[in-house]
file my_file_33.pdb (PDB, C-alpha atoms)
ATOM      1  CA  MET A   1    -218.476   6.290-104.569
ATOM      2  CA  THR A   2    -222.205   6.874-104.654
ATOM      3  CA  ASP A   3    -224.035   7.155-107.901
ATOM      4  CA  SER A   4    -227.740   6.933-107.204
ATOM      5  CA  ALA A   5    -228.723   9.180-110.064
ATOM      6  CA  GLY A   6    -228.536   6.594-112.818
ATOM      7  CA  PHE A   7    -229.828   3.709-110.702
ATOM      8  CA  ALA A   8    -233.579   4.241-110.414
ATOM      9  CA  LEU A   9    -235.393   1.220-109.015
ATOM     10  CA  ARG A  10    -239.114   0.632-108.885
ATOM     11  CA  ARG A  11    -241.323  -1.688-106.881
ATOM     12  CA  ILE A  12    -242.777  -4.169-109.386
ATOM     13  CA  GLY A  13    -244.690  -6.156-106.808
ATOM     14  CA  THR A  14    -244.950  -7.307-103.216
ATOM     15  CA  LEU A  15    -243.901 -10.524-101.484
ATOM     16  CA  GLN A  16    -246.470 -12.105 -99.198
ATOM     17  CA  THR A  17    -244.964 -14.294 -96.475
ATOM     18  CA  PRO A  18    -246.094 -15.483 -93.026
ATOM     19  CA  TRP A  19    -243.483 -13.330 -91.237
ATOM     20  CA  ARG A  20    -244.352  -9.947 -89.761
ATOM     21  CA  THR A  21    -241.159  -9.243 -87.829
ATOM     22  CA  ILE A  22    -237.461  -9.870 -88.500
ATOM     23  CA  ALA A  23    -237.369 -12.105 -85.425
ATOM     24  CA  GLU A  24    -239.974 -14.422 -86.980
ATOM     25  CA  CYS A  25    -238.156 -14.771 -90.330
ATOM     26  CA  PRO A  26    -236.352 -18.086 -90.836
ATOM     27  CA  ARG A  27    -232.616 -17.972 -91.446
ATOM     28  CA  ASN A  28    -233.316 -19.194 -94.956
ATOM     29  CA  GLY A  29    -236.353 -20.267 -96.896
ATOM     30  CA  ARG A  30    -235.697 -23.980 -96.482
ATOM     31  CA  GLN A  31    -235.424 -23.963 -92.716
ATOM     32  CA  PHE A  32    -239.077 -24.912 -92.204
ATOM     33  CA  ASP A  33    -240.202 -28.333 -93.437
ATOM     34  CA  PRO A  34    -242.603 -28.179 -95.135
ATOM     35  CA  ALA A  35    -241.751 -24.702 -96.362
ATOM     36  CA  PRO A  36    -244.866 -22.520 -96.150
ATOM     37  CA  LEU A  37    -246.566 -21.289 -99.292
ATOM     38  CA  CYS A  38    -245.714 -17.673-100.102
ATOM     39  CA  ARG A  39    -246.997 -15.386-102.827
ATOM     40  CA  VAL A  40    -245.655 -12.864-105.304
ATOM     41  CA  ARG A  41    -248.235 -10.170-106.034
ATOM     42  CA  VAL A  42    -247.207  -8.301-109.194
ATOM     43  CA  GLU A  43    -248.287  -4.704-109.876
ATOM     44  CA  PRO A  44    -250.837  -4.560-112.732
ATOM     45  CA  ASP A  45    -248.484  -2.678-115.087
ATOM     46  CA  TYR A  46    -246.035  -5.596-115.085
ATOM     47  CA  ILE A  47    -248.386  -8.530-115.648
ATOM     48  CA  PRO A  48    -247.509  -8.804-119.380
ATOM     49  CA  GLY A  49    -243.914  -9.600-118.378
ATOM     50  CA  LEU A  50    -245.096 -12.820-116.691
ATOM     51  CA  SER A  51    -246.013 -14.586-119.918
ATOM     52  CA  SER A  52    -243.995 -17.727-120.774
ATOM     53  CA  LEU A  53    -243.282 -18.604-117.123
ATOM     54  CA  ALA A  54    -245.010 -21.965-117.548
ATOM     55  CA  GLY A  55    -242.624 -24.893-117.292
ATOM     56  CA  PHE A  56    -240.056 -23.258-115.073
ATOM     57  CA  THR A  57    -239.904 -25.108-111.761
ATOM     58  CA  HIS A  58    -237.693 -22.516-110.082
ATOM     59  CA  LEU A  59    -237.275 -18.749-110.193
ATOM     60  CA  ILE A  60    -234.824 -16.232-108.792
ATOM     61  CA  LEU A  61    -236.423 -13.332-106.946
ATOM     62  CA  LEU A  62    -234.647 -10.063-106.180
ATOM     63  CA  TYR A  63    -236.172  -7.824-103.534
ATOM     64  CA  TRP A  64    -235.410  -4.807-101.398
ATOM     65  CA  LEU A  65    -234.094  -5.572 -97.916
ATOM     66  CA  GLY A  66    -234.008  -1.947 -96.819
ATOM     67  CA  GLN A  67    -237.378  -1.921 -95.081
ATOM     68  CA  ASP A  68    -235.901  -1.477 -91.649
ATOM     69  CA  ALA A  69    -233.439   1.071 -93.064
ATOM     70  CA  LYS A  70    -230.436   0.044 -91.016
ATOM     71  CA  PRO A  71    -227.120   1.328 -92.406
ATOM     72  CA  PRO A  72    -224.768  -1.159 -94.058
ATOM     73  CA  GLN A  73    -222.330  -3.053 -91.880
ATOM     74  CA  LEU A  74    -219.232  -4.064 -93.863
ATOM     75  CA  VAL A  75    -217.944  -6.403 -91.157
ATOM     76  CA  PHE A  76    -220.035  -8.104 -88.491
ATOM     77  CA  THR A  77    -220.269 -11.269 -86.445
ATOM     78  CA  PRO A  78    -223.137 -13.441 -87.733
ATOM     79  CA  PRO A  79    -225.555 -14.586 -85.004
ATOM     80  CA  PHE A  80    -224.521 -18.239 -85.369
ATOM     81  CA  ASP A  81    -220.777 -17.583 -85.591
ATOM     82  CA  ASN A  82    -218.083 -16.301 -83.229
ATOM     83  CA  GLN A  83    -215.900 -14.372 -85.634
ATOM     84  CA  ALA A  84    -216.284 -11.157 -87.650
ATOM     85  CA  ARG A  85    -217.019 -11.719 -91.356
ATOM     86  CA  GLY A  86    -217.065  -9.430 -94.378
ATOM     87  CA  VAL A  87    -220.619  -8.736 -95.501
ATOM     88  CA  PHE A  88    -219.830  -9.990 -99.033
ATOM     89  CA  ALA A  89    -219.076 -13.412 -97.541
ATOM     90  CA  THR A  90    -222.545 -13.470 -95.940
ATOM     91  CA  ARG A  91    -226.151 -13.232 -97.049
ATOM     92  CA  GLY A  92    -226.992 -10.782 -94.272
ATOM     93  CA  PRO A  93    -229.330  -7.850 -95.006
ATOM     94  CA  ARG A  94    -227.152  -4.870 -94.023
ATOM     95  CA  ARG A  95    -225.373  -4.617 -97.386
ATOM     96  CA  PRO A  96    -224.226  -1.475 -99.254
ATOM     97  CA  ASN A  97    -227.013  -2.258-101.740
ATOM     98  CA  PRO A  98    -229.631  -4.166 -99.710
ATOM     99  CA  ILE A  99    -230.892  -6.423-102.484
ATOM    100  CA  GLY A 100    -232.061  -9.836-101.313
ATOM    101  CA  LEU A 101    -231.963 -12.914-103.536
ATOM    102  CA  SER A 102    -233.859 -16.184-103.174
ATOM    103  CA  VAL A 103    -234.041 -19.235-105.394
ATOM    104  CA  VAL A 104    -237.687 -20.280-104.999
ATOM    105  CA  SER A 105    -239.833 -23.104-106.280
ATOM    106  CA  PHE A 106    -242.591 -21.901-108.596
ATOM    107  CA  GLU A 107    -245.907 -23.642-108.038
ATOM    108  CA  GLY A 108    -248.094 -21.906-110.589
ATOM    109  CA  PHE A 109    -250.436 -18.934-110.756
ATOM    110  CA  GLU A 110    -253.165 -18.272-108.218
ATOM    111  CA  ALA A 111    -254.371 -15.336-110.335
ATOM    112  CA  ALA A 112    -253.008 -13.386-113.309
ATOM    113  CA  ASP A 113    -251.053 -11.160-110.896
ATOM    114  CA  CYS A 114    -250.214 -13.763-108.242
ATOM    115  CA  LEU A 115    -247.533 -16.481-108.255
ATOM    116  CA  LYS A 116    -247.437 -19.273-105.684
ATOM    117  CA  ILE A 117    -243.890 -19.964-104.464
ATOM    118  CA  ARG A 118    -241.943 -21.585-101.649
ATOM    119  CA  TYR A 119    -238.552 -20.964 -99.999
ATOM    120  CA  LEU A 120    -238.800 -17.257 -99.209
ATOM    121  CA  ASP A 121    -237.365 -16.060 -95.907
ATOM    122  CA  CYS A 122    -238.195 -12.334 -95.962
ATOM    123  CA  LEU A 123    -240.747 -10.082 -94.269
ATOM    124  CA  ASP A 124    -244.339  -9.925 -95.425
ATOM    125  CA  GLY A 125    -244.750  -6.843 -97.632
ATOM    126  CA  THR A 126    -241.185  -6.854 -98.990
ATOM    127  CA  ALA A 127    -240.839  -4.908-102.261
ATOM    128  CA  LEU A 128    -240.151  -7.099-105.303
ATOM    129  CA  LEU A 129    -237.538  -5.821-107.767
ATOM    130  CA  ASP A 130    -237.160  -8.625-110.310
ATOM    131  CA  ILE A 131    -238.187 -12.136-111.286
ATOM    132  CA  LYS A 132    -235.714 -14.202-113.314
ATOM    133  CA  PRO A 133    -236.047 -17.750-114.614
ATOM    134  CA  TYR A 134    -233.687 -20.163-112.840
ATOM    135  CA  LEU A 135    -231.402 -21.846-115.376
ATOM    136  CA  PRO A 136    -229.609 -24.935-114.063
ATOM    137  CA  THR A 137    -227.220 -24.657-117.031
ATOM    138  CA  THR A 138    -225.674 -21.492-115.582
ATOM    139  CA  ASP A 139    -227.065 -21.103-112.036
ATOM    140  CA  SER A 140    -226.592 -24.548-110.486
ATOM    141  CA  GLU A 141    -223.228 -25.396-108.917
ATOM    142  CA  PRO A 142    -223.953 -28.344-106.620
ATOM    143  CA  GLY A 143    -220.263 -28.890-105.873
ATOM    144  CA  ALA A 144    -219.528 -25.323-104.775
ATOM    145  CA  THR A 145    -217.765 -24.980-101.442
ATOM    146  CA  MET A 146    -218.848 -22.487 -98.812
ATOM    147  CA  GLY A 147    -215.735 -21.279 -97.020
ATOM    148  CA  TRP A 148    -216.466 -20.329 -93.411
ATOM    149  CA  LEU A 149    -220.106 -21.378 -93.847
ATOM    150  CA  ASP A 150    -219.227 -24.994 -94.645
ATOM    151  CA  ARG A 151    -219.327 -26.018 -91.005
ATOM    152  CA  HIS A 152    -222.605 -24.172 -90.334
ATOM    153  CA  ALA A 153    -224.787 -24.729 -93.328
ATOM    154  CA  THR A 154    -227.104 -27.534 -94.215
ATOM    155  CA  ARG A 155    -230.019 -27.532 -96.603
ATOM    156  CA  LYS A 156    -232.221 -26.176 -93.846
ATOM    157  CA  ASP A 157    -229.817 -23.836 -92.134
ATOM    158  CA  GLY A 158    -227.756 -22.081 -94.744
ATOM    159  CA  GLY A 159    -226.891 -18.793 -93.047
TER     160      GLY A 159
ATOM    161  CA  MET B   1    -245.856   2.145-109.332
ATOM    162  CA  THR B   2    -242.506   3.857-109.093
ATOM    163  CA  ASP B   3    -240.844   4.343-105.786
ATOM    164  CA  SER B   4    -237.259   5.329-106.412
ATOM    165  CA  ALA B   5    -236.973   7.473-103.314
ATOM    166  CA  GLY B   6    -236.288   4.685-100.861
ATOM    167  CA  PHE B   7    -234.193   2.596-103.223
ATOM    168  CA  ALA B   8    -230.802   4.304-103.391
ATOM    169  CA  LEU B   9    -228.156   2.182-105.064
ATOM    170  CA  ARG B  10    -224.445   2.823-105.204
ATOM    171  CA  ARG B  11    -221.633   1.539-107.384
ATOM    172  CA  ILE B  12    -219.444  -0.603-105.130
ATOM    173  CA  GLY B  13    -217.050  -1.620-107.864
ATOM    174  CA  THR B  14    -216.482  -2.227-111.553
ATOM    175  CA  LEU B  15    -216.496  -5.404-113.632
ATOM    176  CA  GLN B  16    -213.596  -5.834-116.027
ATOM    177  CA  THR B  17    -214.378  -8.098-118.989
ATOM    178  CA  PRO B  18    -212.995  -8.499-122.529
ATOM    179  CA  TRP B  19    -216.188  -7.112-124.128
ATOM    180  CA  ARG B  20    -216.442  -3.480-125.216
ATOM    181  CA  THR B  21    -219.731  -3.636-127.128
ATOM    182  CA  ILE B  22    -223.022  -5.455-126.587
ATOM    183  CA  ALA B  23    -222.443  -7.265-129.884
ATOM    184  CA  GLU B  24    -219.222  -8.794-128.526
ATOM    185  CA  CYS B  25    -220.786 -10.049-125.278
ATOM    186  CA  PRO B  26    -221.440 -13.791-125.150
ATOM    187  CA  ARG B  27    -225.013 -14.926-124.588
ATOM    188  CA  ASN B  28    -223.912 -16.230-121.224
ATOM    189  CA  GLY B  29    -220.658 -16.500-119.345
ATOM    190  CA  ARG B  30    -220.096 -20.153-120.180
ATOM    191  CA  GLN B  31    -220.419 -19.816-123.928
ATOM    192  CA  PHE B  32    -216.663 -19.513-124.473
ATOM    193  CA  ASP B  33    -214.511 -22.518-123.590
ATOM    194  CA  PRO B  34    -212.252 -21.805-121.838
ATOM    195  CA  ALA B  35    -214.143 -18.907-120.259
ATOM    196  CA  PRO B  36    -211.868 -15.849-120.188
ATOM    197  CA  LEU B  37    -210.595 -14.488-116.906
ATOM    198  CA  CYS B  38    -212.538 -11.436-115.729
ATOM    199  CA  ARG B  39    -211.994  -9.153-112.752
ATOM    200  CA  VAL B  40    -214.030  -7.463-110.054
ATOM    201  CA  ARG B  41    -212.421  -4.196-108.995
ATOM    202  CA  VAL B  42    -213.937  -3.087-105.681
ATOM    203  CA  GLU B  43    -214.040   0.579-104.603
ATOM    204  CA  PRO B  44    -211.623   1.218-101.696
ATOM    205  CA  ASP B  45    -214.415   1.998 -99.213
ATOM    206  CA  TYR B  46    -215.824  -1.533 -99.560
ATOM    207  CA  ILE B  47    -212.644  -3.609 -99.264
ATOM    208  CA  PRO B  48    -213.330  -4.544 -95.596
ATOM    209  CA  GLY B  49    -216.501  -6.326 -96.746
ATOM    210  CA  LEU B  50    -214.391  -8.799 -98.735
ATOM    211  CA  SER B  51    -212.904 -10.528 -95.699
ATOM    212  CA  SER B  52    -213.791 -14.206 -95.218
ATOM    213  CA  LEU B  53    -214.254 -14.867 -98.954
ATOM    214  CA  ALA B  54    -211.528 -17.547 -98.852
ATOM    215  CA  GLY B  55    -212.883 -21.028 -99.454
ATOM    216  CA  PHE B  56    -215.888 -20.043-101.548
ATOM    217  CA  THR B  57    -215.493 -21.500-105.039
ATOM    218  CA  HIS B  58    -218.445 -19.580-106.466
ATOM    219  CA  LEU B  59    -220.027 -16.170-105.970
ATOM    220  CA  ILE B  60    -223.178 -14.423-107.125
ATOM    221  CA  LEU B  61    -222.616 -10.992-108.635
ATOM    222  CA  LEU B  62    -225.349  -8.400-109.076
ATOM    223  CA  TYR B  63    -224.651  -5.527-111.447
ATOM    224  CA  TRP B  64    -226.372  -2.694-113.268
ATOM    225  CA  LEU B  65    -227.431  -3.466-116.835
ATOM    226  CA  GLY B  66    -228.668   0.055-117.542
ATOM    227  CA  GLN B  67    -225.510   1.326-119.215
ATOM    228  CA  ASP B  68    -227.106   1.600-122.610
ATOM    229  CA  ALA B  69    -230.230   3.097-120.970
ATOM    230  CA  LYS B  70    -232.794   1.392-123.165
ATOM    231  CA  PRO B  71    -236.319   1.416-121.704
ATOM    232  CA  PRO B  72    -237.740  -1.836-120.359
ATOM    233  CA  GLN B  73    -239.490  -4.163-122.760
ATOM    234  CA  LEU B  74    -242.074  -6.306-120.955
ATOM    235  CA  VAL B  75    -242.616  -8.631-123.911
ATOM    236  CA  PHE B  76    -240.138  -9.298-126.706
ATOM    237  CA  THR B  77    -238.940 -11.999-129.074
ATOM    238  CA  PRO B  78    -235.509 -13.255-127.977
ATOM    239  CA  PRO B  79    -232.901 -13.290-130.770
ATOM    240  CA  PHE B  80    -232.715 -17.091-130.803
ATOM    241  CA  ASP B  81    -236.478 -17.681-130.588
ATOM    242  CA  ASN B  82    -239.471 -17.075-132.840
ATOM    243  CA  GLN B  83    -242.124 -16.201-130.267
ATOM    244  CA  ALA B  84    -242.730 -13.268-127.936
ATOM    245  CA  ARG B  85    -241.798 -13.965-124.286
ATOM    246  CA  GLY B  86    -242.447 -12.100-121.058
ATOM    247  CA  VAL B  87    -239.266 -10.446-119.805
ATOM    248  CA  PHE B  88    -239.540 -12.244-116.432
ATOM    249  CA  ALA B  89    -239.200 -15.563-118.292
ATOM    250  CA  THR B  90    -235.918 -14.360-119.828
ATOM    251  CA  ARG B  91    -232.553 -13.099-118.639
ATOM    252  CA  GLY B  92    -232.595 -10.232-121.138
ATOM    253  CA  PRO B  93    -231.274  -6.820-120.066
ATOM    254  CA  ARG B  94    -234.313  -4.583-120.755
ATOM    255  CA  ARG B  95    -236.018  -5.257-117.409
ATOM    256  CA  PRO B  96    -238.062  -2.865-115.235
ATOM    257  CA  ASN B  97    -235.126  -2.978-112.800
ATOM    258  CA  PRO B  98    -232.081  -3.733-114.979
ATOM    259  CA  ILE B  99    -230.120  -5.752-112.433
ATOM    260  CA  GLY B 100    -227.945  -8.482-113.934
ATOM    261  CA  LEU B 101    -227.030 -11.657-112.053
ATOM    262  CA  SER B 102    -224.206 -14.097-112.725
ATOM    263  CA  VAL B 103    -223.026 -17.147-110.845
ATOM    264  CA  VAL B 104    -219.250 -16.938-111.274
ATOM    265  CA  SER B 105    -216.301 -19.060-110.275
ATOM    266  CA  PHE B 106    -214.016 -17.289-107.796
ATOM    267  CA  GLU B 107    -210.332 -17.832-108.470
ATOM    268  CA  GLY B 108    -208.754 -15.780-105.708
ATOM    269  CA  PHE B 109    -207.482 -12.249-105.193
ATOM    270  CA  GLU B 110    -205.145 -10.494-107.597
ATOM    271  CA  ALA B 111    -204.899  -7.562-105.159
ATOM    272  CA  ALA B 112    -206.767  -6.481-102.027
ATOM    273  CA  ASP B 113    -209.365  -4.754-104.220
ATOM    274  CA  CYS B 114    -209.365  -7.181-107.156
ATOM    275  CA  LEU B 115    -211.053 -10.588-107.457
ATOM    276  CA  LYS B 116    -210.303 -12.981-110.320
ATOM    277  CA  ILE B 117    -213.464 -14.616-111.669
ATOM    278  CA  ARG B 118    -214.857 -16.473-114.680
ATOM    279  CA  TYR B 119    -218.300 -16.761-116.301
ATOM    280  CA  LEU B 120    -219.241 -13.123-116.707
ATOM    281  CA  ASP B 121    -221.040 -12.095-119.882
ATOM    282  CA  CYS B 122    -221.431  -8.336-119.425
ATOM    283  CA  LEU B 123    -219.757  -5.238-120.817
ATOM    284  CA  ASP B 124    -216.386  -4.063-119.582
ATOM    285  CA  GLY B 125    -216.923  -1.275-117.057
ATOM    286  CA  THR B 126    -220.278  -2.542-115.771
ATOM    287  CA  ALA B 127    -221.161  -1.167-112.318
ATOM    288  CA  LEU B 128    -221.071  -3.766-109.550
ATOM    289  CA  LEU B 129    -223.916  -3.654-106.996
ATOM    290  CA  ASP B 130    -223.349  -6.680-104.770
ATOM    291  CA  ILE B 131    -221.241  -9.771-104.152
ATOM    292  CA  LYS B 132    -222.896 -12.714-102.405
ATOM    293  CA  PRO B 133    -221.444 -16.090-101.483
ATOM    294  CA  TYR B 134    -222.945 -18.915-103.547
ATOM    295  CA  LEU B 135    -224.533 -21.501-101.253
ATOM    296  CA  PRO B 136    -225.277 -24.847-102.923
ATOM    297  CA  THR B 137    -227.575 -25.647 -99.984
ATOM    298  CA  THR B 138    -230.067 -22.991-101.110
ATOM    299  CA  ASP B 139    -228.932 -21.814-104.565
ATOM    300  CA  SER B 140    -228.328 -25.047-106.484
ATOM    301  CA  GLU B 141    -231.269 -26.749-108.177
ATOM    302  CA  PRO B 142    -229.691 -29.061-110.769
ATOM    303  CA  GLY B 143    -233.044 -30.650-111.620
ATOM    304  CA  ALA B 144    -234.877 -27.407-112.357
ATOM    305  CA  THR B 145    -236.718 -27.297-115.668
ATOM    306  CA  MET B 146    -236.515 -24.324-117.994
ATOM    307  CA  GLY B 147    -239.879 -23.947-119.704
ATOM    308  CA  TRP B 148    -239.561 -22.468-123.186
ATOM    309  CA  LEU B 149    -235.761 -22.348-122.793
ATOM    310  CA  ASP B 150    -235.445 -26.108-122.397
ATOM    311  CA  ARG B 151    -235.099 -26.667-126.110
ATOM    312  CA  HIS B 152    -232.596 -23.834-126.548
ATOM    313  CA  ALA B 153    -230.292 -23.975-123.612
ATOM    314  CA  THR B 154    -227.167 -25.978-123.009
ATOM    315  CA  ARG B 155    -224.361 -25.295-120.587
ATOM    316  CA  LYS B 156    -222.750 -23.022-123.142
ATOM    317  CA  ASP B 157    -225.804 -21.428-124.638
ATOM    318  CA  GLY B 158    -228.268 -20.657-121.894
ATOM    319  CA  GLY B 159    -230.161 -17.652-123.235
TER     320      GLY B 159
END

call {"tool": "encode", "arguments": {"input": "my_file_33.pdb", "output": "structure tokens"}}
result
Amino acid sequence: MTDSAGFALRRIGTLQTPWRTIAECPRNGRQFDPAPLCRVRVEPDYIPGLSSLAGFTHLILLYWLGQDAKPPQLVFTPPFDNQARGVFATRGPRRPNPIGLSVVSFEGFEAADCLKIRYLDCLDGTALLDIKPYLPTTDSEPGATMGWLDRHATRKDGG
Amino acid sequence: MTDSAGFALRRIGTLQTPWRTIAECPRNGRQFDPAPLCRVRVEPDYIPGLSSLAGFTHLILLYWLGQDAKPPQLVFTPPFDNQARGVFATRGPRRPNPIGLSVVSFEGFEAADCLKIRYLDCLDGTALLDIKPYLPTTDSEPGATMGWLDRHATRKDGG
């Protein structure tokens, strides 16, 4: 069932990362140590929405993964695995709704429209859809188990 | 800057919760103890994407908050606060892109198209956009600080 009509999205900003091709992107934003500084450049119209971000050490960013416009793949074999997996059990980009999510560290403002962050893993120029404050009270589950990913994932190589 | 053309979203399922009006919805999914059982009903076309979810104790759900179609509010005073806050420092629903996010506990399948979950806080009938596996290696930040929310939020009352 497709229902695009009521679901209008807009680019609210742009993610600036060191990676120009998919092949260069790390598997996740913690793979490199130290993680390189990245930037969120917010469109001027949305700057007022950034007030009160002081004091949050972490943010959740949502962004559009559809840049390379590949169709969704409901089942696929991840590059580091040998078995087909359902896309909803992966963080791969070819999803029915290609929305990427990263928990990033927030390291302050470089300018009124520019946030310094770390732990992104996406292409330079990626369209930003949302910024949310990270709330450990509801977002942190350190004891969660990771199913098929448990034998693959470490802090630096999460899949 | 609006760029809806390239951003086509589709409903991949429906969230079933006990709450029929915004007024009934809890402030967050952990406010009620015990948290009521909720369900994710996935559209038939997307069922193959659910394979390999066994063994994940937690999932991230993305869903469309635009049901009541209120325009975005970049700055507003949250109901439990006395000061105006930028929307990107809140989890409120009136966002430029009204995508809701919940970290939920996954309690198994009730049917091939139906997942049992807890910790949702949204309206019954909400359109599901994505299911992602929760990865504590990259998603859990138990020591994160919460800025202006630090004096409001507890596990059951996160804002």

call {"tool": "resolve_selection", "arguments": {"input": "my_file_33.pdb", "expression": "the PyMOL selection byres ((chain A) within 7 of (chain B))", "output": "PyMOL selection string"}}
result
chain A and resi 1-4+7-11+48-58+74-75+85-91+97+103+129-133+135-142+144-148+154-155+158

call {"tool": "atom_distance", "arguments": {"input": "my_file_33.pdb", "atom1": "atom CA of Leu37 of chain B", "atom2": "atom CA of Thr17 of chain B"}}
result
7.7 Å

call {"tool": "closest_residue", "arguments": {"input": "my_file_33.pdb", "among": "B:Asn82, B:Leu61, B:Thr126, B:Arg118", "to": "Thr14 of chain B", "atoms": "all atoms listed in the file"}}
result
B:Thr126

call {"tool": "closest_atom_pairs", "arguments": {"input": "my_file_33.pdb", "of": "segment 4-61 of chain B", "to": "segment 110-115 of chain B", "cutoff": "6 Å", "atoms": "only C-alpha atoms", "output": "JSON lines"}}
result
{"residue": "B:Arg39", "atom": "CA", "partner": "B:Leu115", "partner_atom": "CA", "distance": 5.6}
{"residue": "B:Val40", "atom": "CA", "partner": "B:Leu115", "partner_atom": "CA", "distance": 5.0}
{"residue": "B:Arg41", "atom": "CA", "partner": "B:Cys114", "partner_atom": "CA", "distance": 4.7}
{"residue": "B:Val42", "atom": "CA", "partner": "B:Asp113", "partner_atom": "CA", "distance": 5.1}

call {"tool": "atom_distance", "arguments": {"input": "my_file_33.pdb", "atom1": "atom CA of Cys25 of chain A", "atom2": "atom CA of Cys38 of chain A"}}
result
12.7 Å

call {"tool": "axis_aligned_box", "arguments": {"input": "my_file_33.pdb", "around": "segment 7-26 of chain B", "padding_each_side": "3 Å", "output": "AutoDock Vina command-line options"}}
result
--center_x -223.6 --center_y -4.7 --center_z -116.6 --size_x 27.2 --size_y 24.1 --size_z 32.7

call {"tool": "atom_distance", "arguments": {"input": "my_file_33.pdb", "atom1": "atom CA of Thr21 of chain A", "atom2": "atom CA of Leu123 of chain A"}}
result
6.5 Å

call {"tool": "residues_near_point", "arguments": {"input": "my_file_33.pdb", "point": "(-213.2, -14.6, -107.2)", "cutoff": "6 Å", "atoms": "all atoms listed in the file", "output": "PyMOL selection string"}}
result
chain B and resi 106-108+115-117
